[in-house]
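This report concerns only the one structure given below.
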Amino acid sequence: MPIETDWTIAVTEVPQNGVSFTRTATASERAAVAKALDLLDCTALGCKLRVKPLRQGRYQVKGQLTASVVQACVVSLEPVENQIAEAIDVEFRPKDEIGAAPAKDDDAWLDPEAPDGAEAIEQGHIGIGRLVYECLASGLDPYPRKAGAMLGWAESEAAKAAVHPFAALAKLKKKE
């Protein structure tokens with residue numbers, strides 16, 4: 001993930017009442033994101049987040065991701081500009097609290113406090129860059145389509161006749 005290493009916040013830098021910050025990707029970071037996500041371009045990428053400490057060494061990261069990207073149209077391969085706005089609300093927990101997913105027959109699947117949906121705090125840092133990257137990737141249009149782009153399909157008369165279910169019978173009837 002191209003912006004993971006530069007976009008982190010140390011848990012020791014988060015005061016008791018939390019911290020708010022705004023981060024905007026540089027041109028080189030946007031180019032790396034565009035390459036990693038197979039985009040034609042990433043013209044803007046930023047986030048406004050609030051990191052708030054919770055109990056037991058946990059932290060909540062909440063805010064908004066905004067981006068402007070250019071994707072290739074699935075029909076014509078022409079550029080399609082898209083605006084992305086994704087809400088972010090993720091809990092980070094100490095790495096030892098993040099375990100393997102419980103078995104489906106285990107009652108932990110029903111527990112909303114189960115740590116399976118949380119992210120890990122890595123070496124005392126919260127990976128904001130990884131979080132932003134993943135939210136951007138999930139917010140992309142999987143099938144971008146330029147307005148008015150249509151898939152043209154034209155069958156030849158020979159192809160239409162060959163596909164007709166009674167084409168062979170029609171030929172026999174003409175011979176008689």
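In the structure tokens, each chain is lettered A, B, ... as it comes, each chain's residues begin at 1, and ligands are numbered from 1 in order of appearance.
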Which stretch 38-101 of chain A residues have any atom within 8 Å of an atom of stretch 137-140 of chain A, and for each, what is the nearest pair of atoms with distance in Å to one decimal, counting only C-alpha atoms, rows sorted by chain and number, as a Markdown table?
```
| residue | atom | partner | partner_atom | distance |
| --- | --- | --- | --- | --- |
| A:Ile84 | CA | A:Gly139 | CA | 6.5 |
| A:Ala85 | CA | A:Gly139 | CA | 7.7 |
| A:Glu86 | CA | A:Gly139 | CA | 6.7 |
```
Every residue of stretch 7-151 of chain A that DSSP places in helix (DSSP H, G or I), as JSON, numbers by chain: {"A": [11, 12, 13, 27, 28, 29, 30, 31, 32, 33, 34, 35, 36, 95, 96, 97, 107, 108, 109, 110, 115, 116, 117, 128, 129, 130, 131, 132, 133, 134, 135, 136, 137, 138, 139]}
Computed interatomic separation between atom CA of A:Leu49 and atom CA of A:Thr66 (Å):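 So the answer is 11.3 Å.
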Proximity to A:Leu136 - best of A:Ala27, A:Ala10, A:Cys47, A:Leu40, only C-alpha atoms: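 Closest to A:Leu136 of all the choices is A:Cys47.
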Atom pair atom CA of A:Cys73 / atom CA of A:Ala87: separation (Å):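 Going from atom CA of A:Cys73 over to atom CA of A:Ala87 covers 25.4 Å.
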Picked from stretch 4-71 of chain A by DSSP as strand (DSSP E), as a count of residues only: 35
Exercise: A:Phe92 partners within 6 Å, only C-alpha atoms, chain neighbours under 5 positions left out, as a ChimeraX atom specification: /A:58-59,118-121
Residue neighbourhood A:Pro15, 12 Å, only C-alpha atoms, exclusion window fewer than 3 positions, as a list in words: Ile9, Ala10, Val11, Thr12, Gly18, Val19, Ser20, Arg50, Val51, Lys52, Pro53, Leu54 and Tyr59 of chain A
Shell of 12 Å around stretch 150-152 of chain A, only C-alpha atoms, local chain residues under 2 positions omitted, as a list in words: Cys73, Val74, Val75, Ser76, Leu77, Arg145, Lys146, Ala147, Gly148, Ala154 and Glu155 of chain A
Would you output that residue set with N, CA and C atoms, as a PDB file, in the first residue's frame?
```pdb
ATOM      1  N   CYS A  73     -13.215   3.754 -18.658  1.00  0.00           N
ATOM      2  CA  CYS A  73     -14.570   3.279 -18.916  1.00  0.00           C
ATOM      3  C   CYS A  73     -14.512   1.797 -19.295  1.00  0.00           C
ATOM      4  N   VAL A  74     -15.398   0.993 -18.732  1.00  0.00           N
ATOM      5  CA  VAL A  74     -15.389  -0.441 -19.018  1.00  0.00           C
ATOM      6  C   VAL A  74     -15.854  -0.752 -20.440  1.00  0.00           C
ATOM      7  N   VAL A  75     -16.495   0.207 -21.104  1.00  0.00           N
ATOM      8  CA  VAL A  75     -16.980  -0.013 -22.460  1.00  0.00           C
ATOM      9  C   VAL A  75     -15.998   0.539 -23.489  1.00  0.00           C
ATOM     10  N   SER A  76     -15.642   1.811 -23.341  1.00  0.00           N
ATOM     11  CA  SER A  76     -14.840   2.477 -24.366  1.00  0.00           C
ATOM     12  C   SER A  76     -13.388   2.706 -23.970  1.00  0.00           C
ATOM     13  N   LEU A  77     -13.031   2.463 -22.735  1.00  0.00           N
ATOM     14  CA  LEU A  77     -11.709   2.719 -22.163  1.00  0.00           C
ATOM     15  C   LEU A  77     -11.360   4.204 -22.110  1.00  0.00           C
ATOM     16  N   ARG A 145     -18.395   3.797 -16.095  1.00  0.00           N
ATOM     17  CA  ARG A 145     -18.937   3.870 -17.455  1.00  0.00           C
ATOM     18  C   ARG A 145     -19.148   5.326 -17.828  1.00  0.00           C
ATOM     19  N   LYS A 146     -18.577   5.720 -18.940  1.00  0.00           N
ATOM     20  CA  LYS A 146     -18.731   7.088 -19.426  1.00  0.00           C
ATOM     21  C   LYS A 146     -20.176   7.296 -19.870  1.00  0.00           C
ATOM     22  N   ALA A 147     -20.719   8.471 -19.618  1.00  0.00           N
ATOM     23  CA  ALA A 147     -22.098   8.770 -20.001  1.00  0.00           C
ATOM     24  C   ALA A 147     -22.269   8.568 -21.504  1.00  0.00           C
ATOM     25  N   GLY A 148     -23.273   7.806 -21.879  1.00  0.00           N
ATOM     26  CA  GLY A 148     -23.572   7.550 -23.284  1.00  0.00           C
ATOM     27  C   GLY A 148     -22.783   6.418 -23.908  1.00  0.00           C
ATOM     28  N   ALA A 154     -23.321  -5.800 -33.529  1.00  0.00           N
ATOM     29  CA  ALA A 154     -24.000  -5.926 -34.812  1.00  0.00           C
ATOM     30  C   ALA A 154     -23.716  -7.306 -35.379  1.00  0.00           C
ATOM     31  N   GLU A 155     -24.780  -8.057 -35.592  1.00  0.00           N
ATOM     32  CA  GLU A 155     -24.631  -9.386 -36.165  1.00  0.00           C
ATOM     33  C   GLU A 155     -24.845  -9.328 -37.663  1.00  0.00           C
TER      34      GLU A 155
END
```
Residue among A:Val132, A:Ala25, A:Val61, A:Ala32 lying closest to A:Ala44, counting only C-alpha atoms: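 With only C-alpha atoms as the atom set, the closest residue is A:Ala25.
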Pairwise distance for atom CA of A:Asp89 and atom CA of A:Ala72, rounded to one decimal in Å: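 Atom CA of A:Asp89 sits 29.4 Å away from atom CA of A:Ala72.
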Name all residues at most 12 Å from A:Arg55 (count only C-alpha atoms; drop same-chain ones fewer than 4 positions away) and give them as a JSON list (two decimals) with N, CA and C atoms, in the first residue's frame.
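Output saved as out_21.json:
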```json
[["chain", "number", "residue", "atom", "x", "y", "z"],
["A", 16, "GLN", "N", -5.52, 12.70, 25.77],
["A", 16, "GLN", "CA", -6.70, 12.06, 26.37],
["A", 16, "GLN", "C", -8.00, 12.52, 25.72],
["A", 59, "TYR", "N", -8.26, 2.72, 20.25],
["A", 59, "TYR", "CA", -8.44, 4.05, 19.69],
["A", 59, "TYR", "C", -9.50, 3.99, 18.59],
["A", 60, "GLN", "N", -10.28, 5.05, 18.53],
["A", 60, "GLN", "CA", -11.29, 5.16, 17.47],
["A", 60, "GLN", "C", -10.81, 6.22, 16.47],
["A", 91, "GLU", "N", -12.08, 1.07, 14.70],
["A", 91, "GLU", "CA", -11.43, 0.96, 16.00],
["A", 91, "GLU", "C", -10.10, 0.24, 15.82],
["A", 92, "PHE", "N", -9.07, 0.79, 16.43],
["A", 92, "PHE", "CA", -7.75, 0.17, 16.44],
["A", 92, "PHE", "C", -7.50, -0.40, 17.83],
["A", 93, "ARG", "N", -6.98, -1.62, 17.86],
["A", 93, "ARG", "CA", -6.73, -2.31, 19.13],
["A", 93, "ARG", "C", -5.29, -2.80, 19.16],
["A", 94, "PRO", "N", -4.78, -3.08, 20.36],
["A", 94, "PRO", "CA", -3.44, -3.67, 20.44],
["A", 94, "PRO", "C", -3.39, -4.98, 19.63]]
```
